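Q: File run_35.tsv follows (TSV, C-alpha atoms and all ligand atoms):
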chain	number	residue	atom	x	y	z
A	1409	MET	CA	86.54	116.26	10.61
A	1410	LYS	CA	89.94	116.03	8.97
A	1411	ILE	CA	92.61	113.50	9.92
A	1412	ASN	CA	95.05	115.09	12.38
A	1413	LYS	CA	96.94	111.93	13.25
A	1414	ALA	CA	97.07	108.66	11.32
A	1415	ALA	CA	98.59	105.29	12.15
A	1416	VAL	CA	99.70	102.67	9.66
A	1417	ILE	CA	100.07	99.14	11.01
A	1418	GLY	CA	102.60	97.22	8.93
A	1419	GLY	CA	106.07	97.88	7.59
A	1420	GLY	CA	105.77	96.28	4.13
A	1421	SER	CA	105.68	97.97	0.76
A	1422	PHE	CA	102.04	99.04	0.77
A	1423	GLY	CA	101.96	100.19	4.40
A	1424	THR	CA	105.02	102.31	3.70
A	1425	VAL	CA	103.46	103.86	0.60
A	1426	VAL	CA	100.24	104.75	2.45
A	1427	ALA	CA	102.20	106.20	5.38
A	1428	ASN	CA	104.32	108.26	3.00
A	1429	ILE	CA	101.31	109.75	1.19
A	1430	LEU	CA	99.75	110.72	4.53
A	1431	ALA	CA	103.03	112.37	5.59
A	1432	ASP	CA	103.27	114.13	2.21
A	1433	ASN	CA	99.79	115.50	2.95
A	1434	GLU	CA	101.12	116.99	6.20
A	1435	ILE	CA	99.21	114.61	8.46
A	1436	GLU	CA	101.07	113.49	11.59
A	1437	THR	CA	101.71	109.85	10.67
A	1438	TRP	CA	103.04	106.97	12.76
A	1439	GLN	CA	103.96	103.70	11.06
A	1440	TRP	CA	104.17	100.66	13.31
A	1441	LEU	CA	106.46	97.81	12.35
A	1442	ARG	CA	108.18	95.00	14.20
A	1443	ASP	CA	111.71	95.41	12.88
A	1444	ALA	CA	113.63	98.01	14.93
A	1445	THR	CA	116.35	98.31	12.27
A	1446	ILE	CA	113.85	99.29	9.57
A	1447	ALA	CA	112.13	101.70	11.98
A	1448	GLU	CA	115.48	103.30	12.74
A	1449	SER	CA	116.29	103.55	9.03
A	1450	ILE	CA	112.94	105.23	8.26
A	1451	ASN	CA	113.45	107.72	11.10
A	1452	THR	CA	117.07	108.58	10.39
A	1453	HIS	CA	117.65	107.93	6.66
A	1454	GLN	CA	114.03	108.18	5.38
A	1455	LYS	CA	114.33	104.74	3.76
A	1456	ASN	CA	112.55	101.40	4.16
A	1457	ASP	CA	115.63	99.44	3.09
A	1458	LYS	CA	113.88	96.09	2.93
A	1459	TYR	CA	110.67	96.81	1.06
A	1460	LEU	CA	111.15	100.14	-0.76
A	1461	PRO	CA	114.90	100.74	-0.86
A	1462	ASP	CA	114.75	103.17	-3.80
A	1463	THR	CA	112.11	105.49	-2.36
A	1464	PRO	CA	113.11	108.54	-0.33
A	1465	LEU	CA	110.40	108.87	2.32
A	1466	ASN	CA	108.99	112.06	3.79
A	1467	PRO	CA	111.20	113.18	6.72
A	1468	ALA	CA	108.06	113.89	8.79
A	1469	LEU	CA	107.05	110.20	8.77
A	1470	ASN	CA	107.54	108.59	12.19
A	1471	ALA	CA	108.25	104.87	12.47
A	1472	THR	CA	107.89	103.02	15.76
A	1473	THR	CA	107.98	99.48	17.13
A	1474	GLU	CA	105.59	100.56	19.95
A	1475	LEU	CA	101.97	99.93	18.98
A	1476	ASP	CA	100.61	102.28	21.64
A	1477	GLU	CA	102.67	105.17	20.32
A	1478	ALA	CA	101.22	104.64	16.85
A	1479	ILE	CA	97.55	104.17	17.70
A	1480	GLN	CA	97.11	106.58	20.59
A	1481	GLY	CA	95.00	109.51	19.38
A	1482	ALA	CA	95.06	108.37	15.74
A	1483	ASP	CA	91.88	109.40	13.91
A	1484	VAL	CA	92.37	106.65	11.33
A	1485	ILE	CA	94.35	103.42	11.66
A	1486	PHE	CA	95.30	101.74	8.37
A	1487	VAL	CA	95.87	98.00	8.78
A	1488	SER	CA	98.40	96.74	6.23
A	1489	VAL	CA	99.76	93.38	7.36
A	1490	PRO	CA	99.25	90.08	5.49
A	1491	SER	CA	95.79	88.60	6.06
A	1492	ARG	CA	96.98	85.69	8.16
A	1493	TYR	CA	98.23	88.15	10.84
A	1494	VAL	CA	95.45	90.75	10.84
A	1495	ARG	CA	93.44	89.16	13.68
A	1496	GLU	CA	96.52	88.65	15.86
A	1497	VAL	CA	97.84	92.19	15.36
A	1498	VAL	CA	94.50	94.01	15.72
A	1499	SER	CA	93.56	91.92	18.79
A	1500	SER	CA	96.66	93.24	20.50
A	1501	PHE	CA	95.38	96.84	20.47
A	1502	ALA	CA	91.58	96.60	19.96
A	1503	ALA	CA	90.73	97.08	23.66
A	1504	LYS	CA	92.70	100.34	23.75
A	1505	LEU	CA	90.75	102.09	20.99
A	1506	MET	CA	88.33	104.95	21.52
A	1507	PRO	CA	85.02	104.51	19.61
A	1508	GLN	CA	85.66	107.43	17.23
A	1509	GLN	CA	88.92	105.92	15.92
A	1510	ALA	CA	88.36	104.51	12.43
A	1511	LEU	CA	90.01	101.37	11.04
A	1512	VAL	CA	90.78	100.91	7.34
A	1513	SER	CA	92.05	97.62	5.95
A	1514	THR	CA	94.35	97.62	2.93
A	1515	THR	CA	94.81	93.84	3.14
A	1516	LYS	CA	93.62	91.74	0.20
A	1517	GLY	CA	92.97	88.34	1.71
A	1518	ILE	CA	90.50	86.01	3.42
A	1519	GLU	CA	90.40	84.41	6.86
A	1520	PRO	CA	89.63	80.78	6.05
A	1521	GLU	CA	87.74	79.32	9.01
A	1522	ARG	CA	84.53	81.31	8.43
A	1523	PHE	CA	85.50	82.79	5.07
A	1524	LEU	CA	85.77	86.29	6.58
A	1525	LEU	CA	87.10	89.31	4.74
A	1526	MET	CA	89.40	91.62	6.69
A	1527	SER	CA	86.74	94.29	7.33
A	1528	GLN	CA	84.61	91.57	8.91
A	1529	VAL	CA	87.52	90.63	11.16
A	1530	LEU	CA	87.94	94.31	12.11
A	1531	GLU	CA	84.21	94.69	12.81
A	1532	GLU	CA	84.27	91.58	14.97
A	1533	LEU	CA	87.28	92.77	17.00
A	1534	CYS	CA	86.28	96.47	17.19
A	1535	PRO	CA	82.45	96.56	17.03
A	1536	ALA	CA	82.24	100.19	18.20
A	1537	ASN	CA	84.61	101.60	15.58
A	1538	PRO	CA	83.90	102.76	12.00
A	1539	VAL	CA	85.47	100.37	9.49
A	1540	GLY	CA	86.54	100.83	5.86
A	1541	VAL	CA	88.51	99.13	3.11
A	1542	LEU	CA	91.03	100.65	0.70
A	1543	SER	CA	91.41	98.67	-2.52
A	1544	GLY	CA	92.21	99.29	-6.17
A	1545	PRO	CA	94.91	98.96	-8.85
A	1546	ASN	CA	97.71	100.00	-6.52
A	1547	LEU	CA	101.10	98.44	-7.19
A	1548	ALA	CA	103.09	99.87	-4.29
A	1549	LYS	CA	106.31	100.32	-6.25
A	1550	GLU	CA	104.62	102.49	-8.89
A	1551	ILE	CA	102.90	104.68	-6.30
A	1552	ALA	CA	106.23	104.99	-4.48
A	1553	ARG	CA	107.62	106.51	-7.72
A	1554	ARG	CA	104.68	108.91	-7.65
A	1555	GLU	CA	103.21	107.51	-10.88
A	1556	LEU	CA	99.52	108.43	-11.19
A	1557	ALA	CA	97.13	105.95	-9.55
A	1558	ALA	CA	93.62	105.75	-8.14
A	1559	THR	CA	91.95	103.66	-5.49
A	1560	VAL	CA	88.60	103.13	-3.75
A	1561	ILE	CA	87.68	103.79	-0.13
A	1562	ALA	CA	84.67	101.68	0.77
A	1563	SER	CA	82.72	102.14	3.97
A	1564	LYS	CA	79.15	102.48	5.20
A	1565	ASN	CA	80.35	105.50	7.17
A	1566	SER	CA	80.33	108.66	5.02
A	1567	ASP	CA	82.60	110.63	7.40
A	1568	LEU	CA	85.20	107.89	7.15
A	1569	ARG	CA	84.98	107.93	3.34
A	1570	ARG	CA	85.39	111.70	3.17
A	1571	ASN	CA	88.25	111.78	5.70
A	1572	VAL	CA	90.20	109.11	3.84
A	1573	GLN	CA	89.53	110.82	0.50
A	1574	SER	CA	90.95	114.09	1.79
A	1575	GLY	CA	93.76	112.43	3.78
A	1576	LEU	CA	95.13	110.36	0.91
A	1577	SER	CA	94.30	112.40	-2.22
A	1578	CYS	CA	97.24	114.22	-3.74
A	1579	SER	CA	98.67	115.13	-7.13
A	1580	TYR	CA	99.51	111.48	-7.95
A	1581	PHE	CA	96.87	109.55	-5.98
A	1582	ARG	CA	93.09	109.86	-6.38
A	1583	VAL	CA	90.57	108.25	-4.03
A	1584	TYR	CA	87.07	107.29	-5.23
A	1585	ALA	CA	84.29	106.31	-2.82
A	1586	SER	CA	81.97	103.33	-2.51
A	1587	ASP	CA	79.59	102.04	0.15
A	1588	ASP	CA	79.92	98.42	-1.07
A	1589	LEU	CA	82.51	97.27	1.44
A	1590	TYR	CA	82.02	93.60	0.74
A	1591	GLY	CA	82.19	93.88	-3.08
A	1592	VAL	CA	85.27	96.13	-3.08
A	1593	GLU	CA	87.07	93.87	-0.65
A	1594	LEU	CA	86.06	90.60	-2.28
A	1595	SER	CA	87.29	91.76	-5.69
A	1596	GLY	CA	90.65	92.77	-4.18
A	1597	ALA	CA	91.08	89.29	-2.73
A	1598	LEU	CA	89.82	87.32	-5.76
A	1599	LYS	CA	91.89	89.07	-8.43
A	1600	ASN	CA	95.08	87.68	-6.87
A	1601	ILE	CA	94.06	84.17	-7.99
A	1602	TYR	CA	93.66	85.28	-11.60
A	1603	ALA	CA	96.98	87.15	-11.52
A	1604	ILE	CA	98.60	83.77	-10.82
A	1605	VAL	CA	96.78	82.27	-13.82
A	1606	SER	CA	97.86	85.21	-16.02
A	1607	GLY	CA	101.41	84.56	-14.90
A	1608	PHE	CA	101.17	80.98	-16.23
A	1609	VAL	CA	99.80	82.23	-19.55
A	1610	ALA	CA	102.63	84.77	-19.94
A	1611	ALA	CA	105.36	82.27	-19.05
A	1612	LEU	CA	103.99	79.76	-21.51
A	1613	GLY	CA	104.23	82.34	-24.29
A	1614	MET	CA	100.53	82.26	-25.11
A	1615	GLY	CA	99.34	85.17	-27.25
A	1616	GLU	CA	97.42	88.34	-26.46
A	1617	ASN	CA	94.10	86.74	-27.43
A	1618	SER	CA	94.66	84.10	-24.75
A	1619	ARG	CA	95.60	86.71	-22.16
A	1620	SER	CA	92.55	88.80	-22.96
A	1621	MET	CA	90.30	85.74	-22.79
A	1622	ILE	CA	91.73	84.80	-19.38
A	1623	ILE	CA	91.29	88.30	-17.92
A	1624	THR	CA	87.74	88.68	-19.21
A	1625	ARG	CA	86.63	85.21	-18.15
A	1626	SER	CA	88.26	85.88	-14.77
A	1627	LEU	CA	85.95	88.84	-14.36
A	1628	ALA	CA	82.95	86.65	-15.23
A	1629	GLU	CA	84.07	84.03	-12.72
A	1630	MET	CA	84.76	86.58	-9.97
A	1631	SER	CA	81.37	88.21	-10.35
A	1632	ARG	CA	79.58	84.82	-10.46
A	1633	PHE	CA	81.24	83.94	-7.15
A	1634	ALA	CA	80.47	87.37	-5.70
A	1635	VAL	CA	76.79	87.18	-6.57
A	1636	ALA	CA	76.54	83.72	-5.00
A	1637	LEU	CA	77.92	85.29	-1.81
A	1638	GLY	CA	75.47	88.21	-1.94
A	1639	ALA	CA	77.77	90.96	-3.30
A	1640	ASN	CA	76.79	93.56	-5.92
A	1641	PRO	CA	78.36	92.55	-9.27
A	1642	LEU	CA	78.32	96.19	-10.48
A	1643	THR	CA	81.16	96.94	-8.05
A	1644	PHE	CA	83.31	94.57	-10.10
A	1645	LEU	CA	83.14	97.03	-13.00
A	1646	GLY	CA	85.02	99.69	-11.04
A	1647	LEU	CA	88.63	100.30	-10.03
A	1648	ALA	CA	88.60	97.69	-7.29
A	1649	GLY	CA	87.29	95.08	-9.75
A	1650	VAL	CA	88.28	95.43	-13.42
A	1651	GLY	CA	90.96	98.00	-12.53
A	1652	ASP	CA	92.81	95.82	-10.07
A	1653	LEU	CA	92.26	92.67	-12.13
A	1654	VAL	CA	93.85	94.23	-15.23
A	1655	VAL	CA	96.89	95.63	-13.46
A	1656	THR	CA	97.60	92.54	-11.41
A	1657	CYS	CA	97.13	90.23	-14.40
A	1658	SER	CA	99.47	92.35	-16.56
A	1659	SER	CA	102.37	93.51	-14.44
A	1660	PRO	CA	105.53	91.71	-13.36
A	1661	LEU	CA	105.46	94.08	-10.37
A	1662	SER	CA	102.57	91.96	-9.03
A	1663	ARG	CA	103.83	89.28	-6.63
A	1664	ASN	CA	100.90	87.02	-7.50
A	1665	TYR	CA	101.64	87.31	-11.23
A	1666	ARG	CA	105.29	86.53	-10.51
A	1667	VAL	CA	104.35	83.36	-8.59
A	1668	GLY	CA	102.26	82.22	-11.56
A	1669	TYR	CA	105.02	83.12	-14.01
A	1670	ALA	CA	107.61	81.12	-12.05
A	1671	ILE	CA	105.31	78.09	-11.96
A	1672	GLY	CA	104.67	78.48	-15.70
A	1673	GLU	CA	108.46	78.33	-16.15
A	1674	GLY	CA	108.53	75.01	-14.31
A	1675	LYS	CA	109.37	76.02	-10.74
A	1676	THR	CA	107.60	74.37	-7.80
A	1677	LEU	CA	105.16	76.38	-5.67
A	1678	ASP	CA	107.66	76.47	-2.80
A	1679	GLU	CA	110.43	77.72	-5.07
A	1680	ALA	CA	108.13	80.37	-6.56
A	1681	VAL	CA	106.94	81.64	-3.17
A	1682	ASN	CA	110.34	81.52	-1.47
A	1683	SER	CA	112.02	83.51	-4.22
A	1684	LEU	CA	109.53	86.38	-3.67
A	1685	GLY	CA	110.39	87.28	-0.07
A	1686	GLU	CA	107.07	89.15	0.11
A	1687	VAL	CA	103.46	88.10	0.56
A	1688	ALA	CA	101.47	86.66	-2.40
A	1689	GLU	CA	97.98	86.43	-0.90
A	1690	GLY	CA	96.54	84.64	-3.95
A	1691	VAL	CA	98.10	81.29	-3.06
A	1692	ASN	CA	96.04	80.87	0.12
A	1693	THR	CA	93.02	82.70	-1.33
A	1694	LEU	CA	92.95	80.09	-4.10
A	1695	ARG	CA	92.65	77.27	-1.53
A	1696	TYR	CA	89.84	79.00	0.37
A	1697	VAL	CA	87.88	80.07	-2.72
A	1698	ARG	CA	88.17	76.65	-4.31
A	1699	ALA	CA	86.72	75.08	-1.12
A	1700	LYS	CA	83.90	77.66	-0.98
A	1701	ALA	CA	83.06	77.21	-4.68
A	1702	ALA	CA	82.90	73.45	-4.20
A	1703	GLU	CA	80.69	73.86	-1.11
A	1704	LEU	CA	78.27	76.22	-2.89
A	1705	ASP	CA	78.54	74.47	-6.28
A	1706	ILE	CA	79.71	77.58	-8.16
A	1707	TYR	CA	81.15	76.99	-11.64
A	1708	MET	CA	84.76	78.30	-11.51
A	1709	PRO	CA	86.93	76.51	-14.08
A	1710	LEU	CA	89.91	78.88	-13.69
A	1711	VAL	CA	89.97	78.47	-9.91
A	1712	MET	CA	89.66	74.68	-10.17
A	1713	GLY	CA	92.38	74.50	-12.84
A	1714	ALA	CA	94.76	76.80	-10.96
A	1715	TYR	CA	94.31	74.72	-7.81
A	1716	GLU	CA	95.30	71.57	-9.67
A	1717	VAL	CA	98.45	73.28	-10.96
A	1718	LEU	CA	99.56	74.78	-7.65
A	1719	PHE	CA	98.68	71.94	-5.31
A	1720	ASN	CA	98.55	68.77	-7.43
A	1721	GLY	CA	101.29	69.40	-9.98
A	1722	ALA	CA	99.02	69.64	-13.06
A	1723	ASP	CA	100.39	71.20	-16.25
A	1724	PRO	CA	99.61	74.98	-16.28
A	1725	ARG	CA	98.74	74.70	-19.98
A	1726	LEU	CA	95.61	72.83	-18.93
A	1727	VAL	CA	94.10	75.84	-17.15
A	1728	ALA	CA	93.54	77.88	-20.31
A	1729	GLN	CA	92.73	74.68	-22.17
A	1730	GLY	CA	90.05	73.91	-19.56
A	1731	LEU	CA	88.13	76.99	-20.64
A	1732	MET	CA	87.91	75.61	-24.19
A	1733	SER	CA	86.32	72.37	-23.14
A	1734	GLY	CA	84.10	73.51	-20.26
A	1735	ASP	CA	80.36	74.10	-20.22
A	1736	HIS	CA	79.26	76.73	-22.72
A	1737	ALA	CA	78.34	79.88	-20.83
A	1738	SER	CA	77.10	83.37	-21.53
A	1739	ASP	CA	79.56	86.12	-22.40
A	1740	VAL	CA	78.51	88.83	-19.95
A	1741	GLU	CA	77.56	87.12	-16.72
A	1742	PHE	CA	73.86	87.69	-15.85
A	1743	ALA	CA	73.03	89.35	-19.23
A	1744	LEU	CA	72.05	86.00	-20.76
A	1745	PRO	CA	70.71	83.58	-18.15
A	1746	ARG	CA	72.18	80.05	-18.17
A	1747	SER	CA	68.77	78.60	-18.96
A	1748	GLU	CA	68.84	80.39	-22.35
A	1749	ILE	CA	72.31	79.26	-23.45
B	1	LIG	N1	102.36	95.74	-2.27
B	1	LIG	C1	101.32	96.18	-2.96
B	1	LIG	O1	101.46	96.62	-4.12
B	1	LIG	C2	99.95	96.14	-2.34
B	1	LIG	C3	98.99	97.02	-2.83
B	1	LIG	C4	97.72	97.00	-2.27
B	1	LIG	C5	97.43	96.11	-1.24
B	1	LIG	N2	98.37	95.26	-0.81
B	1	LIG	C6	97.99	94.34	0.27
B	1	LIG	O2	98.53	94.83	1.49
B	1	LIG	C7	98.84	93.74	2.36
B	1	LIG	C8	100.27	93.90	2.80
B	1	LIG	O3	101.05	93.83	1.63
B	1	LIG	P1	102.51	94.42	1.50
B	1	LIG	O4	102.80	94.52	0.06
B	1	LIG	O5	102.72	95.63	2.32
B	1	LIG	O6	103.31	93.16	2.11
B	1	LIG	P2	104.84	92.94	2.29
B	1	LIG	O7	105.12	91.52	2.02
B	1	LIG	O8	105.59	94.00	1.55
B	1	LIG	O9	105.02	93.23	3.85
B	1	LIG	C9	104.30	92.61	4.84
B	1	LIG	C10	104.63	93.30	6.17
B	1	LIG	O10	103.91	92.65	7.20
B	1	LIG	C11	104.82	92.37	8.24
B	1	LIG	N3	104.38	91.22	9.00
B	1	LIG	C12	104.44	89.92	8.65
B	1	LIG	N4	103.99	89.16	9.66
B	1	LIG	C13	103.62	90.00	10.66
B	1	LIG	C14	103.08	89.80	11.95
B	1	LIG	N5	102.84	88.61	12.45
B	1	LIG	N6	102.85	90.89	12.69
B	1	LIG	C15	103.11	92.12	12.21
B	1	LIG	N7	103.61	92.37	10.99
B	1	LIG	C16	103.87	91.31	10.24
B	1	LIG	C17	106.15	92.13	7.54
B	1	LIG	O11	107.22	92.24	8.46
B	1	LIG	C18	106.11	93.23	6.52
B	1	LIG	O12	106.50	94.44	7.11
B	1	LIG	C19	98.59	92.45	1.55
B	1	LIG	O13	97.34	91.92	1.90
B	1	LIG	C20	98.56	92.94	0.10
B	1	LIG	O14	97.71	92.15	-0.70
B	1	LIG	C21	99.63	95.27	-1.31
B	2	LIG	O1	101.76	92.36	-5.73
B	2	LIG	P1	100.38	91.81	-5.61
B	2	LIG	O2	100.11	90.70	-6.57
B	2	LIG	O3	100.06	91.47	-4.18
B	2	LIG	O4	99.38	92.97	-6.03
B	2	LIG	C1	99.50	94.21	-5.42
B	2	LIG	C2	98.22	94.99	-5.45
B	2	LIG	O5	97.17	94.26	-4.90
B	2	LIG	C3	97.86	95.52	-6.80
B	2	LIG	O6	96.73	96.35	-6.70
Show how you would write the structure in this file as C-alpha cells.

A:
Amino acid sequence: MKINKAAVIGGGSFGTVVANILADNEIETWQWLRDATIAESINTHQKNDKYLPDTPLNPALNATTELDEAIQGADVIFVSVPSRYVREVVSSFAAKLMPQQALVSTTKGIEPERFLLMSQVLEELCPANPVGVLSGPNLAKEIARRELAATVIASKNSDLRRNVQSGLSCSYFRVYASDDLYGVELSGALKNIYAIVSGFVAALGMGENSRSMIITRSLAEMSRFAVALGANPLTFLGLAGVGDLVVTCSSPLSRNYRVGYAIGEGKTLDEAVNSLGEVAEGVNTLRYVRAKAAELDIYMPLVMGAYEVLFNGADPRLVAQGLMSGDHASDVEFALPRSEI
C-alpha cells in the first residue's frame, strides 16, 4: 500500500524538511505545529520563517494547529518533536488512531525514567499500531537545500519500511531499510553526546589526529554501550551509526556540535544552549547515558569526561586527555577481547 496521506507532528527544522519531501513526492501532507503564525506562513507564503527561513516549501504542503485535521486518515504519522515532549504530544491523539495507521519517530533522544527510546514510548502509547524510526546523517538545513542525503527506516514491519522508502525517496534523498529498531535509534541518540565532545576539540584547536581519534573511540564507546543494552553492534557500522556520528561530529550545522564548540570557547552550558534557540538533545542524553553507564558499570571515558565538563565545570581539554591515561583497550571493540589486552 502506498502512502496517500501523511501527517508530520512538529514544526521544527526536521519536521518541516520531512513534510516538504512528502509534499514534493505528491503525497497529501499535513504538518501539525502549535504556532498559528508559522502555520499561516507555511500555508500562504510557503515558508517556515522561524526554523527554515531560506527554504521555499512545496505549495501543496498543508500546515495546521489542529491535531485531528493532521492525523485523521493519515497512513503514516511522523513524530518530530523534541524527546521530552513526545509522550505528551502522542498521548493527546493516541486514542483516536485506527490500528492500520503507522507511527514513525524522527526524534533522537531518550526518556529518562525507564531509559526508553522514542519507539518504545510510541509502542507503549499505541500498542496496536506499526512503529518505525527514521534516523541517519540528516542535517535538516542541508536536506532543505536539496543536497544529496540518505537515511534509514527501521521497523519490524516490512510494509511500513517499504511505504516509508517509497514515500520519502526522491532525487536528493535515499532511504535504506533495517529491522534493528533499537540499534538504529540508540545510535541516533548516542552520537549527539560525541558531537558535543567534537565541538570541544574543534574549539580548542586540536589537530585532525585528535578529531579522528575522538570520532573513532566514540564509535567504540557507543557500540560497547549498545551491546551491554542488548543491541546489535553491526548496526553501528551503517548510516545511522558511523554515518550520523561523522556528520554530527564534523559540522557546525549540528546543534550539539555547536553547544560543545561554545563550551570549548569558554561559554557556560546555559549560555551555549540559550544561544541556539533550537533543541540540542545531547545535553540531556549525556546525563541519562552517564547514569546508565554507571549503573551497569560500562567503561565510557568520553561520556564521563563530557559530563564533568558540562555539569561540573571541568576543563574540556581533559576529555581528550582522559583517553590518553585511561585503561588500555582493544582497537576494534569485540575483535580483541579485554581479557587478551
Ligand atoms: N534538525 C535536524 O537536522 C534533525 C535531523 C534529524 C533528526 N532530528 C531530531 O528531530 C527532533 C526534532 O528536531 P528539530 O530539529 O525539528 O527541532 P527544532 O528545535 O527545530 O524544533 C522543535 C519543534 O518542536 C516544537 N515543540 C517544542 N515543544 C513542544 C511541545 N511541548 N509540543 C509540541 N511541539 C513542541 C517546537 O515548537 C518546534 O517546532 C530532535 O529529536 C532532533 O534530534 C533533527
Ligand atoms: O543538529 P543536531 O546536532 O541535533 O543533529 C542533527 C541530526 O541529528 C544530524 O543527523

Q: Write as an MDAnalysis selection string the residues around ligand LIG 2 (chain B), taking 6 Å as the cut-off and counting only C-alpha atoms and all ligand atoms.

A: chainID A and resid 1544:1547 1600 1652 1656 1662:1665 1688

Q: Find the spatial neighbours of segment 1727-1738 of chain A, counting all atoms listed in the file, within a cut-off of 10 Å - ignore same-chain residues fewer than 4 positions away - and output them as a PyMOL selection string.

A: chain A and resi 1605-1606+1608-1609+1614+1618-1619+1621-1622+1625+1628+1707-1717+1722-1723+1742-1749

Q: If I take atom CA of Gly1418 of chain A and atom CA of Tyr1602 of chain A, how far is one from the other in Å, to one decimal?

A: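 Between atom CA of Gly1418 of chain A and atom CA of Tyr1602 of chain A the gap works out to 25.4 Å.
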
Q: Could you give me the residues within 9 Å of ligand LIG 1 (chain B), counting only C-alpha atoms and all ligand atoms, as JSON, numbers by chain?

A: {"A": [1417, 1418, 1419, 1420, 1421, 1422, 1423, 1424, 1425, 1440, 1441, 1442, 1443, 1458, 1459, 1460, 1487, 1488, 1489, 1490, 1491, 1492, 1493, 1494, 1496, 1497, 1513, 1514, 1515, 1516, 1517, 1542, 1543, 1544, 1545, 1546, 1547, 1548, 1549, 1550, 1551, 1596, 1597, 1600, 1661, 1662, 1663, 1684, 1685, 1686, 1687, 1688, 1689, 1690]}

Q: So that I can see what lies close to Ala1610 of chain A, please list as a VMD selection string the residues with an atom at most 12 Å from it, counting only C-alpha atoms and leaving out residues fewer than 2 positions away in the same chain.

A: chain A and resid 1603 to 1608 1612 to 1620 1622 1657 to 1660 1665 to 1673 1724 to 1725 1728

Q: Separation of atom CA of Ala1536 of chain A and atom CA of Pro1507 of chain A, in Å?

A: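 Here the two named atoms are 5.3 Å from each other.
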
Q: Would you mind listing, for every residue of segment 1677-1748 of chain A within 10 Å of segment 1636-1649 of chain A, the two atoms forming the shortest contact and the distance between them in Å to one decimal, using all atoms listed in the file, sorted by chain and ascending residue number, as JSON lines?

A:
{"residue": "A:Lys1700", "atom": "CA", "partner": "A:Leu1637", "partner_atom": "CA", "distance": 9.7}
{"residue": "A:Ala1701", "atom": "CA", "partner": "A:Ala1636", "partner_atom": "CA", "distance": 9.2}
{"residue": "A:Leu1704", "atom": "CA", "partner": "A:Ala1636", "partner_atom": "CA", "distance": 8.0}
{"residue": "A:Asp1705", "atom": "CA", "partner": "A:Ala1636", "partner_atom": "CA", "distance": 9.5}
{"residue": "A:Ile1706", "atom": "CA", "partner": "A:Ala1636", "partner_atom": "CA", "distance": 7.6}
{"residue": "A:Glu1741", "atom": "CA", "partner": "A:Pro1641", "partner_atom": "CA", "distance": 9.3}
{"residue": "A:Phe1742", "atom": "CA", "partner": "A:Pro1641", "partner_atom": "CA", "distance": 9.3}

Q: Tyr1584 of chain A: which residues within 7 Å, counting all atoms listed in the file, same-chain residues fewer than 5 positions away excluded, as a list in words?

A: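 Close residues of Tyr1584 of chain A: Thr1559, Val1560 and Ile1561 of chain A.
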
Q: Which neighbours of Gln1439 of chain A fall inside 10 Å, counting all atoms listed in the file, when residues of the same chain fewer than 2 positions from it are skipped, and could you give them as a PyMOL selection string?

A: chain A and resi 1414-1419+1423-1424+1426-1428+1437+1441+1447+1450+1469-1475+1477-1479+1485-1486

Q: One decimal, Å: what's the distance from atom CA of Val1539 of chain A over to atom CA of Tyr1590 of chain A, could you say?

A: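 Going from atom CA of Val1539 of chain A over to atom CA of Tyr1590 of chain A covers 11.6 Å.
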
Q: Check the smallest atom-to-atom distance from each of A:Leu1556, A:Ser1595, A:Ile1518, A:Asn1456 to Arg1582 of chain A using all atoms listed in the file, then report the winner.

A: A:Leu1556

Q: So which one's closest to Phe1501 of chain A, A:Ser1566, A:Gln1573, A:Gln1480, A:Asn1451? Using all atoms listed in the file, please.

A: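 Closest residue, counting all atoms listed in the file: A:Gln1480.
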
Q: Using only C-alpha atoms for the distances, tell me which of A:Glu1593, A:Asp1678, A:Asp1739, A:Glu1555 is nearest to Phe1581 of chain A.

A: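 Nearest candidate to Phe1581 of chain A out of A:Glu1593, A:Asp1678, A:Asp1739, A:Glu1555: A:Glu1555.
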
Q: Measuring between only C-alpha atoms, which one of A:Ser1500, A:Glu1532, A:Lys1413, A:Arg1553 shows the shortest distance to Asp1462 of chain A?

A: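 Of all the options, A:Arg1553 lies closest to Asp1462 of chain A.
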